[in-house]
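Chemist: File follows, query.csv with CSV, C-alpha atoms and all ligand atoms:
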```
chain,number,residue,atom,x,y,z
A,17,MET,CA,1.7,6.0,-11.8
A,18,ILE,CA,-1.7,4.8,-10.7
A,19,VAL,CA,-2.5,4.7,-7.0
A,20,ALA,CA,-5.3,5.0,-4.4
A,21,MET,CA,-4.3,6.5,-1.1
A,22,ASP,CA,-6.0,7.7,2.0
A,23,ARG,CA,-5.6,11.1,3.7
A,24,ASN,CA,-2.4,9.9,5.4
A,25,ARG,CA,-1.0,8.6,2.1
A,26,GLY,CA,-1.8,5.0,3.3
A,27,ILE,CA,-2.1,2.5,0.4
A,28,GLY,CA,-1.9,-1.0,1.9
A,29,VAL,CA,-1.9,-3.1,5.0
A,30,GLY,CA,-0.7,-6.7,5.5
A,31,ASN,CA,0.1,-6.8,1.7
A,32,GLN,CA,-3.5,-6.1,0.9
A,33,LEU,CA,-5.5,-3.0,-0.2
A,34,PRO,CA,-7.2,-1.5,2.9
A,35,TRP,CA,-10.5,-1.1,1.0
A,36,ARG,CA,-12.7,-2.5,-1.7
A,37,LEU,CA,-14.0,0.2,-3.9
A,38,SER,CA,-15.5,-1.3,-7.1
A,39,ASP,CA,-15.6,1.9,-9.1
A,40,ASP,CA,-11.9,2.6,-8.3
A,41,MET,CA,-11.1,-0.9,-9.5
A,42,LYS,CA,-13.1,-0.2,-12.6
A,43,ARG,CA,-11.2,3.0,-13.3
A,44,PHE,CA,-7.9,1.1,-12.8
A,45,ARG,CA,-9.0,-1.6,-15.2
A,46,GLU,CA,-10.1,1.0,-17.9
A,47,LEU,CA,-7.0,3.1,-17.7
A,48,THR,CA,-4.5,0.2,-17.7
A,49,MET,CA,-6.2,-2.1,-20.2
A,50,GLY,CA,-4.0,-2.9,-23.1
A,51,HIS,CA,-0.9,-1.4,-21.5
A,52,HIS,CA,2.2,-2.6,-19.7
A,53,LEU,CA,1.9,-2.5,-15.9
A,54,LEU,CA,5.0,-2.5,-13.7
A,55,VAL,CA,4.5,-3.7,-10.1
A,56,GLY,CA,6.8,-4.7,-7.2
A,57,ARG,CA,7.0,-8.4,-6.4
A,58,LYS,CA,5.0,-7.9,-3.2
A,59,THR,CA,2.2,-6.2,-5.0
A,60,PHE,CA,2.2,-8.9,-7.7
A,61,GLU,CA,1.9,-11.6,-5.0
A,62,SER,CA,-0.9,-9.7,-3.4
A,63,ILE,CA,-2.8,-9.6,-6.7
A,64,GLY,CA,-1.9,-13.3,-7.1
A,65,ARG,CA,-2.1,-13.6,-10.9
A,66,PRO,CA,-1.3,-11.8,-14.2
A,67,LEU,CA,-4.2,-9.3,-14.9
A,68,PRO,CA,-6.0,-10.1,-18.1
A,69,GLY,CA,-5.4,-7.6,-20.9
A,70,ARG,CA,-2.4,-6.1,-19.2
A,71,GLN,CA,1.3,-7.0,-20.0
A,72,MET,CA,2.7,-7.2,-16.5
A,73,ILE,CA,6.3,-6.6,-15.5
A,74,VAL,CA,7.2,-7.7,-12.0
A,75,LEU,CA,10.1,-6.0,-10.4
A,76,THR,CA,12.3,-8.2,-8.2
A,77,ARG,CA,16.0,-8.5,-7.1
A,78,ASP,CA,15.6,-12.3,-7.2
A,79,PRO,CA,17.0,-13.4,-10.6
A,80,SER,CA,15.4,-16.8,-10.3
A,81,PHE,CA,11.9,-15.3,-9.8
A,82,ARG,CA,9.6,-16.3,-12.8
A,83,VAL,CA,5.9,-16.0,-13.3
A,84,GLU,CA,4.2,-17.5,-16.3
A,85,GLY,CA,2.6,-14.8,-18.4
A,86,CYS,CA,4.7,-11.9,-16.9
A,87,ALA,CA,8.0,-10.4,-17.7
A,88,THR,CA,10.4,-9.8,-14.7
A,89,ALA,CA,12.8,-6.9,-14.4
A,90,GLY,CA,15.7,-6.2,-12.0
A,91,SER,CA,15.3,-2.5,-11.9
A,92,ILE,CA,12.7,0.2,-12.9
A,93,LEU,CA,14.9,1.2,-15.8
A,94,GLU,CA,15.0,-2.3,-17.1
A,95,GLY,CA,11.2,-2.5,-16.7
A,96,MET,CA,10.8,0.7,-18.7
A,97,ALA,CA,13.2,-0.6,-21.4
A,98,ILE,CA,11.1,-3.8,-21.8
A,99,ALA,CA,7.9,-1.7,-22.3
A,100,ARG,CA,9.7,0.6,-24.7
A,101,SER,CA,11.0,-2.3,-26.7
A,102,ARG,CA,7.4,-3.5,-27.2
A,103,ASP,CA,6.3,0.0,-28.4
A,104,GLU,CA,4.4,0.8,-25.3
A,105,THR,CA,3.0,4.4,-25.3
A,106,GLU,CA,2.0,4.6,-21.7
A,107,LEU,CA,3.7,2.4,-19.1
A,108,PHE,CA,1.7,2.3,-15.8
A,109,ILE,CA,3.5,2.0,-12.5
A,110,GLY,CA,1.1,0.1,-10.2
A,111,GLY,CA,3.0,0.2,-6.9
A,112,GLY,CA,3.4,-0.7,-4.2
A,113,GLY,CA,5.1,1.7,-1.8
A,114,GLU,CA,8.7,0.8,-2.5
A,115,ILE,CA,8.1,1.2,-6.2
A,116,TYR,CA,6.2,4.4,-6.0
A,117,ARG,CA,9.0,5.9,-3.9
A,118,GLN,CA,11.6,5.0,-6.6
A,119,ALA,CA,9.5,6.0,-9.5
A,120,LEU,CA,8.2,9.4,-8.3
A,121,ASN,CA,11.0,11.3,-10.0
A,122,ILE,CA,10.6,9.4,-13.2
A,123,ALA,CA,6.8,9.5,-13.6
A,124,ASP,CA,5.2,12.2,-15.7
A,125,ARG,CA,1.5,11.6,-14.7
A,126,ILE,CA,-0.2,10.3,-11.6
A,127,TYR,CA,-3.7,8.9,-11.7
A,128,LEU,CA,-4.5,9.3,-8.0
A,129,THR,CA,-7.6,8.2,-6.1
A,130,LEU,CA,-7.8,10.1,-2.9
A,131,VAL,CA,-9.9,8.0,-0.5
A,132,GLU,CA,-11.6,10.2,2.0
A,133,THR,CA,-10.7,8.3,5.2
A,134,GLU,CA,-7.8,7.4,7.5
A,135,VAL,CA,-7.1,3.6,7.6
A,136,GLU,CA,-4.5,1.5,9.3
A,137,ALA,CA,-1.6,1.2,6.8
A,138,ASP,CA,1.9,-0.2,6.6
A,139,ALA,CA,2.6,0.9,3.0
A,140,PHE,CA,2.5,4.5,1.9
A,141,PHE,CA,2.6,6.7,-1.2
A,142,PRO,CA,5.6,9.2,-1.0
A,143,GLU,CA,5.2,12.9,-0.3
A,144,MET,CA,4.9,14.9,-3.5
A,145,SER,CA,6.1,18.4,-4.0
A,146,ASN,CA,3.3,20.8,-5.0
A,147,GLU,CA,5.9,22.6,-7.1
A,148,ALA,CA,6.3,19.6,-9.3
A,149,TRP,CA,2.8,18.6,-10.1
A,150,VAL,CA,-0.4,20.3,-11.5
A,151,GLU,CA,-3.9,18.8,-11.1
A,152,ILE,CA,-5.7,18.7,-14.5
A,153,ASP,CA,-8.7,16.7,-13.5
A,154,SER,CA,-10.8,16.0,-10.3
A,155,ILE,CA,-14.0,13.9,-10.1
A,156,HIS,CA,-15.7,13.3,-6.8
A,157,HIS,CA,-17.4,10.0,-6.1
A,158,PRO,CA,-19.7,9.8,-3.0
A,159,ALA,CA,-19.9,6.9,-0.6
A,160,ASP,CA,-22.9,4.7,-1.4
A,161,GLU,CA,-24.1,1.1,-0.7
A,162,ASN,CA,-21.3,-0.3,-2.8
A,163,HIS,CA,-18.6,2.1,-1.6
A,164,GLN,CA,-17.7,2.4,2.1
A,165,TYR,CA,-15.8,5.6,1.6
A,166,SER,CA,-16.2,8.6,-0.7
A,167,PHE,CA,-13.2,9.3,-2.9
A,168,THR,CA,-11.9,11.7,-5.6
A,169,PHE,CA,-10.2,10.7,-8.9
A,170,LYS,CA,-7.5,13.1,-9.7
A,171,THR,CA,-5.1,13.4,-12.6
A,172,LEU,CA,-1.8,15.1,-11.9
A,173,VAL,CA,0.8,15.9,-14.5
A,174,ARG,CA,4.4,17.0,-14.0
A,175,LYS,CA,5.0,20.7,-14.6
A,176,THR,CA,7.3,21.2,-17.5
A,201,LIG,N1,-3.6,1.5,-3.0
A,201,LIG,C1,-2.9,1.3,-4.1
A,201,LIG,O1,-3.1,1.9,-5.1
A,201,LIG,C2,-1.9,0.2,-4.1
A,201,LIG,C3,-1.2,-0.2,-5.3
A,201,LIG,C4,-0.3,-1.2,-5.2
A,201,LIG,C5,0.0,-1.8,-4.0
A,201,LIG,N2,-0.6,-1.4,-2.9
A,201,LIG,C6,-0.2,-2.1,-1.6
A,201,LIG,O2,1.1,-1.8,-1.4
A,201,LIG,C7,1.6,-2.8,-0.5
A,201,LIG,C8,2.9,-3.4,-1.1
A,201,LIG,O3,3.9,-2.4,-1.2
A,201,LIG,P1,5.4,-2.7,-0.7
A,201,LIG,O4,6.1,-1.4,-0.7
A,201,LIG,O5,5.3,-3.5,0.5
A,201,LIG,O6,6.0,-3.7,-1.8
A,201,LIG,P2,6.1,-3.5,-3.4
A,201,LIG,O7,6.6,-2.1,-3.7
A,201,LIG,O8,4.9,-4.0,-4.1
A,201,LIG,O9,7.3,-4.6,-3.7
A,201,LIG,C9,8.5,-4.5,-3.1
A,201,LIG,C10,9.4,-5.5,-3.8
A,201,LIG,O10,9.8,-5.1,-5.1
A,201,LIG,C11,11.1,-5.4,-5.5
A,201,LIG,N3,11.9,-4.2,-5.7
A,201,LIG,C12,11.8,-3.0,-5.1
A,201,LIG,N4,12.6,-2.1,-5.6
A,201,LIG,C13,13.3,-2.8,-6.6
A,201,LIG,C14,14.4,-2.4,-7.5
A,201,LIG,N5,14.9,-1.2,-7.5
A,201,LIG,N6,14.8,-3.4,-8.3
A,201,LIG,C15,14.3,-4.6,-8.3
A,201,LIG,N7,13.3,-5.0,-7.5
A,201,LIG,C16,12.8,-4.1,-6.6
A,201,LIG,C17,11.6,-6.2,-4.3
A,201,LIG,O11,11.3,-7.6,-4.6
A,201,LIG,P3,12.1,-8.9,-4.1
A,201,LIG,O12,12.0,-8.9,-2.6
A,201,LIG,O13,11.5,-10.0,-4.8
A,201,LIG,O14,13.5,-8.6,-4.5
A,201,LIG,C18,10.8,-5.7,-3.1
A,201,LIG,O15,10.7,-6.6,-2.0
A,201,LIG,C19,0.5,-3.9,-0.4
A,201,LIG,O16,-0.2,-3.6,0.8
A,201,LIG,C20,-0.4,-3.5,-1.6
A,201,LIG,O17,-1.7,-3.9,-1.4
A,201,LIG,C21,-1.5,-0.5,-2.9
```
Rewrite the coordinates I just gave you, this time as structure tokens.
Ligand SMILES: NC(=O)c1ccc[n+]([C@@H]2O[C@H](COP(=O)([O-])OP(=O)(O)OC[C@H]3O[C@@H](n4cnc5c(N)ncnc54)[C@H](OP(=O)(O)O)[C@@H]3O)[C@@H](O)[C@H]2O)c1
Modeler:
Amino acid sequence: MIVAMDRNRGIGVGNQLPWRLSDDMKRFRELTMGHHLLVGRKTFESIGRPLPGRQMIVLTRDPSFRVEGCATAGSILEGMAIARSRDETELFIGGGGEIYRQALNIADRIYLTLVETEVEADAFFPEMSNEAWVEIDSIHHPADENHQYSFTFKTLVRKT
């Protein structure tokens, strides 16, 4: 999974990201480039287009939903099967809140950006058990003229 959340686990408001952090977007781009990216229908509509260089799979319960340039899936398992059938080595789950909640027990790695603020939010990343995850990487990024908030890139992997 790949996510940016604030101190209260907030990830979105009004079907938008609550911040614009260019170096976080850059990290998202670098990590997901060339891979399959599974997103909920609301997150897809918020992005508004297929992301170049990524094979997007949009999760929806609406069987008539179609987007040119993207696959659609009716369940997370179906989305995973699509990626596997195309020899994907690392499927990224890109949110939003509903999808993260359902995928938390399936994911084996979380690329987490912890944004050091508290914003108004109506979508959230689920609580994680400290027992289940170990942090293998942490890089701090200060606030600056291009970044309203400071943040920390963390990589968490599921304990075996
Ligand atoms: N900060 C971050 O890293 C980050 C990342 C991504 C998104 N976001 C934010 O998160 C918010 C959106 O999150 P959200 O929770 O409202 O919506 P969402 O998770 O993006 O999408 C929810 C939709 O996904 C479909 N869906 C959910 N579970 C499904 C299942 N088991 N099988 C088939 N389809 C399923 C349904 O689509 P249908 O209604 O079409 O059936 C549902 O309405 C936005 O504010 C966005 O900006 C933040």
Chemist: Tell me which of A:Asn31, A:Ser154, A:Ser38, A:Thr59 sits closest to A:Tyr116, counting only C-alpha atoms.
Modeler: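 That would be A:Thr59, the residue with the smallest distance to A:Tyr116.
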Chemist: Just the residues within 6 Å of stretch 73-79 of chain A, please, counting all atoms listed in the file, with nothing from its chain fewer than 2 positions along; format it as a list in words.
Modeler: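 Skipping anything fewer than 2 positions along the chain leaves Leu54, Val55, Gly56, Arg57, Phe81, Cys86, Ala87, Thr88, Ala89 and Gly90 of chain A.
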Chemist: Taking only C-alpha atoms and all ligand atoms and a cut-off of 9 Å, can you tell me which residues surround ligand LIG 201 (chain A), written as number ranges by chain?
Modeler: A: 18-22, 26-35, 55-63, 74-79, 81, 89-94, 109-118, 128-129, 137-141
Chemist: Using all atoms listed in the file, pick whichever of A:Met96, A:Leu37, A:Leu47, A:Ala148 has the shortest atom-to-atom distance to A:Asp124.
Modeler: A:Ala148
Chemist: For A:Gly85, which residue out of A:Ile98, A:Tyr127, A:Val173, A:Arg70 is the nearest one, using all atoms listed in the file?
Modeler: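 Looking only at the distances to A:Gly85, the closest residue turns out to be A:Arg70.
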Chemist: Which one of A:Arg23, A:Arg65, A:Lys170, A:His52 sits closest to A:Val131 if you count all atoms listed in the file?
Modeler: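 Among the listed residues, the smallest separation from A:Val131 belongs to A:Arg23.
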Chemist: Have a look at atom CA of A:Lys42 and atom CA of A:Ala123 and let me know their distance in Å, one decimal.
Modeler: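 For atom CA of A:Lys42 relative to atom CA of A:Ala123, the distance reads 22.2 Å.
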Chemist: Using atom CA of A:Ile155 and atom CA of A:Leu67 as the two end points, give the distance in Å to one decimal.
Modeler: 25.6 Å
Chemist: Of the candidates A:Met72, A:Ile152, A:Ile122, A:Leu172, which one gets nearest to A:Glu84 if we count only C-alpha atoms?
Modeler: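 Among the listed residues, the smallest separation from A:Glu84 belongs to A:Met72.
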Chemist: Measuring between all atoms listed in the file, which one of A:Thr171, A:Ser166, A:Asn24, A:Thr48 shows the shortest distance to A:Glu104?
Modeler: A:Thr48
Chemist: Between atom CA of A:Asn121 and atom CA of A:Thr105, what is the distance, to one decimal in Å?
Modeler: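 Atom-to-atom, atom CA of A:Asn121 to atom CA of A:Thr105, that is 18.6 Å.
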Chemist: Contacts of A:Asp39 at 9 Å or less, counting only C-alpha atoms, minus same-chain residues fewer than 4 places along, as a PyMOL selection string?
Modeler: chain A and resi 43-44+157+162-163
Chemist: Which residues, written as a ChimeraX atom specification, have at least one atom at most 9 Å from A:Gly69, with all atoms listed in the file counted and residues fewer than 6 positions away on the same chain left out?
Modeler: /A:48-51
Chemist: Using the atoms already present, construct N, CA and C atoms for stretch 75-109 of chain A and hand them back as a PDB file, keeping the file's coordinate frame.
Modeler:
```pdb
ATOM      1  N   LEU A  75       8.795  -6.438 -10.757  1.00  0.00           N
ATOM      2  CA  LEU A  75      10.100  -6.000 -10.400  1.00  0.00           C
ATOM      3  C   LEU A  75      10.599  -6.782  -9.157  1.00  0.00           C
ATOM      4  N   THR A  76      11.784  -7.383  -9.290  1.00  0.00           N
ATOM      5  CA  THR A  76      12.300  -8.200  -8.200  1.00  0.00           C
ATOM      6  C   THR A  76      13.850  -8.183  -8.281  1.00  0.00           C
ATOM      7  N   ARG A  77      14.491  -8.337  -7.141  1.00  0.00           N
ATOM      8  CA  ARG A  77      16.000  -8.500  -7.100  1.00  0.00           C
ATOM      9  C   ARG A  77      16.363  -9.936  -7.189  1.00  0.00           C
ATOM     10  N   ASP A  78      15.371 -10.831  -7.211  1.00  0.00           N
ATOM     11  CA  ASP A  78      15.600 -12.300  -7.200  1.00  0.00           C
ATOM     12  C   ASP A  78      15.706 -12.732  -8.693  1.00  0.00           C
ATOM     13  N   PRO A  79      16.913 -13.027  -9.205  1.00  0.00           N
ATOM     14  CA  PRO A  79      17.000 -13.400 -10.600  1.00  0.00           C
ATOM     15  C   PRO A  79      16.350 -14.687 -10.981  1.00  0.00           C
ATOM     16  N   SER A  80      16.031 -15.515  -9.962  1.00  0.00           N
ATOM     17  CA  SER A  80      15.400 -16.800 -10.300  1.00  0.00           C
ATOM     18  C   SER A  80      13.847 -16.679 -10.263  1.00  0.00           C
ATOM     19  N   PHE A  81      13.322 -15.493  -9.918  1.00  0.00           N
ATOM     20  CA  PHE A  81      11.900 -15.300  -9.800  1.00  0.00           C
ATOM     21  C   PHE A  81      11.249 -15.327 -11.238  1.00  0.00           C
ATOM     22  N   ARG A  82      10.296 -16.201 -11.440  1.00  0.00           N
ATOM     23  CA  ARG A  82       9.600 -16.300 -12.800  1.00  0.00           C
ATOM     24  C   ARG A  82       8.138 -16.441 -12.527  1.00  0.00           C
ATOM     25  N   VAL A  83       7.348 -15.792 -13.363  1.00  0.00           N
ATOM     26  CA  VAL A  83       5.900 -16.000 -13.300  1.00  0.00           C
ATOM     27  C   VAL A  83       5.438 -16.199 -14.754  1.00  0.00           C
ATOM     28  N   GLU A  84       4.673 -17.247 -14.961  1.00  0.00           N
ATOM     29  CA  GLU A  84       4.200 -17.500 -16.300  1.00  0.00           C
ATOM     30  C   GLU A  84       3.251 -16.339 -16.720  1.00  0.00           C
ATOM     31  N   GLY A  85       3.453 -15.823 -17.901  1.00  0.00           N
ATOM     32  CA  GLY A  85       2.600 -14.800 -18.400  1.00  0.00           C
ATOM     33  C   GLY A  85       3.030 -13.363 -18.048  1.00  0.00           C
ATOM     34  N   CYS A  86       4.142 -13.232 -17.310  1.00  0.00           N
ATOM     35  CA  CYS A  86       4.700 -11.900 -16.900  1.00  0.00           C
ATOM     36  C   CYS A  86       6.139 -11.818 -17.277  1.00  0.00           C
ATOM     37  N   ALA A  87       6.598 -10.615 -17.583  1.00  0.00           N
ATOM     38  CA  ALA A  87       8.000 -10.400 -17.700  1.00  0.00           C
ATOM     39  C   ALA A  87       8.533 -10.043 -16.262  1.00  0.00           C
ATOM     40  N   THR A  88       9.816 -10.228 -16.005  1.00  0.00           N
ATOM     41  CA  THR A  88      10.400  -9.800 -14.700  1.00  0.00           C
ATOM     42  C   THR A  88      11.508  -8.786 -15.072  1.00  0.00           C
ATOM     43  N   ALA A  89      11.752  -7.852 -14.145  1.00  0.00           N
ATOM     44  CA  ALA A  89      12.800  -6.900 -14.400  1.00  0.00           C
ATOM     45  C   ALA A  89      13.555  -6.675 -13.040  1.00  0.00           C
ATOM     46  N   GLY A  90      14.852  -6.411 -13.144  1.00  0.00           N
ATOM     47  CA  GLY A  90      15.700  -6.200 -12.000  1.00  0.00           C
ATOM     48  C   GLY A  90      15.852  -4.789 -11.553  1.00  0.00           C
ATOM     49  N   SER A  91      15.247  -3.877 -12.312  1.00  0.00           N
ATOM     50  CA  SER A  91      15.300  -2.500 -11.900  1.00  0.00           C
ATOM     51  C   SER A  91      14.134  -1.757 -12.680  1.00  0.00           C
ATOM     52  N   ILE A  92      13.790  -0.573 -12.200  1.00  0.00           N
ATOM     53  CA  ILE A  92      12.700   0.200 -12.900  1.00  0.00           C
ATOM     54  C   ILE A  92      13.135   0.521 -14.296  1.00  0.00           C
ATOM     55  N   LEU A  93      14.408   0.883 -14.462  1.00  0.00           N
ATOM     56  CA  LEU A  93      14.900   1.200 -15.800  1.00  0.00           C
ATOM     57  C   LEU A  93      14.790   0.029 -16.754  1.00  0.00           C
ATOM     58  N   GLU A  94      15.097  -1.145 -16.229  1.00  0.00           N
ATOM     59  CA  GLU A  94      15.000  -2.300 -17.100  1.00  0.00           C
ATOM     60  C   GLU A  94      13.507  -2.586 -17.426  1.00  0.00           C
ATOM     61  N   GLY A  95      12.622  -2.377 -16.473  1.00  0.00           N
ATOM     62  CA  GLY A  95      11.200  -2.500 -16.700  1.00  0.00           C
ATOM     63  C   GLY A  95      10.722  -1.544 -17.807  1.00  0.00           C
ATOM     64  N   MET A  96      11.202  -0.306 -17.712  1.00  0.00           N
ATOM     65  CA  MET A  96      10.800   0.700 -18.700  1.00  0.00           C
ATOM     66  C   MET A  96      11.373   0.307 -20.088  1.00  0.00           C
ATOM     67  N   ALA A  97      12.583  -0.252 -20.106  1.00  0.00           N
ATOM     68  CA  ALA A  97      13.200  -0.600 -21.400  1.00  0.00           C
ATOM     69  C   ALA A  97      12.389  -1.778 -22.035  1.00  0.00           C
ATOM     70  N   ILE A  98      11.902  -2.710 -21.218  1.00  0.00           N
ATOM     71  CA  ILE A  98      11.100  -3.800 -21.800  1.00  0.00           C
ATOM     72  C   ILE A  98       9.835  -3.237 -22.431  1.00  0.00           C
ATOM     73  N   ALA A  99       9.153  -2.324 -21.717  1.00  0.00           N
ATOM     74  CA  ALA A  99       7.900  -1.700 -22.300  1.00  0.00           C
ATOM     75  C   ALA A  99       8.213  -0.967 -23.548  1.00  0.00           C
ATOM     76  N   ARG A 100       9.299  -0.210 -23.531  1.00  0.00           N
ATOM     77  CA  ARG A 100       9.700   0.600 -24.700  1.00  0.00           C
ATOM     78  C   ARG A 100       9.970  -0.299 -25.904  1.00  0.00           C
ATOM     79  N   SER A 101      10.660  -1.411 -25.629  1.00  0.00           N
ATOM     80  CA  SER A 101      11.000  -2.300 -26.700  1.00  0.00           C
ATOM     81  C   SER A 101       9.803  -2.952 -27.371  1.00  0.00           C
ATOM     82  N   ARG A 102       8.673  -2.914 -26.640  1.00  0.00           N
ATOM     83  CA  ARG A 102       7.400  -3.500 -27.200  1.00  0.00           C
ATOM     84  C   ARG A 102       6.488  -2.376 -27.661  1.00  0.00           C
ATOM     85  N   ASP A 103       7.059  -1.186 -27.875  1.00  0.00           N
ATOM     86  CA  ASP A 103       6.300   0.000 -28.400  1.00  0.00           C
ATOM     87  C   ASP A 103       5.191   0.450 -27.506  1.00  0.00           C
ATOM     88  N   GLU A 104       5.362   0.302 -26.207  1.00  0.00           N
ATOM     89  CA  GLU A 104       4.400   0.800 -25.300  1.00  0.00           C
ATOM     90  C   GLU A 104       4.344   2.359 -25.315  1.00  0.00           C
ATOM     91  N   THR A 105       3.133   2.922 -25.323  1.00  0.00           N
ATOM     92  CA  THR A 105       3.000   4.400 -25.300  1.00  0.00           C
ATOM     93  C   THR A 105       2.816   4.944 -23.926  1.00  0.00           C
ATOM     94  N   GLU A 106       2.220   4.136 -23.028  1.00  0.00           N
ATOM     95  CA  GLU A 106       2.000   4.600 -21.700  1.00  0.00           C
ATOM     96  C   GLU A 106       2.192   3.445 -20.681  1.00  0.00           C
ATOM     97  N   LEU A 107       3.375   3.401 -20.088  1.00  0.00           N
ATOM     98  CA  LEU A 107       3.700   2.400 -19.100  1.00  0.00           C
ATOM     99  C   LEU A 107       3.083   2.815 -17.743  1.00  0.00           C
ATOM    100  N   PHE A 108       2.295   1.945 -17.135  1.00  0.00           N
ATOM    101  CA  PHE A 108       1.700   2.300 -15.800  1.00  0.00           C
ATOM    102  C   PHE A 108       2.577   1.657 -14.719  1.00  0.00           C
ATOM    103  N   ILE A 109       2.830   2.450 -13.703  1.00  0.00           N
ATOM    104  CA  ILE A 109       3.500   2.000 -12.500  1.00  0.00           C
ATOM    105  C   ILE A 109       2.472   1.764 -11.444  1.00  0.00           C
TER     106      ILE A 109
END
```
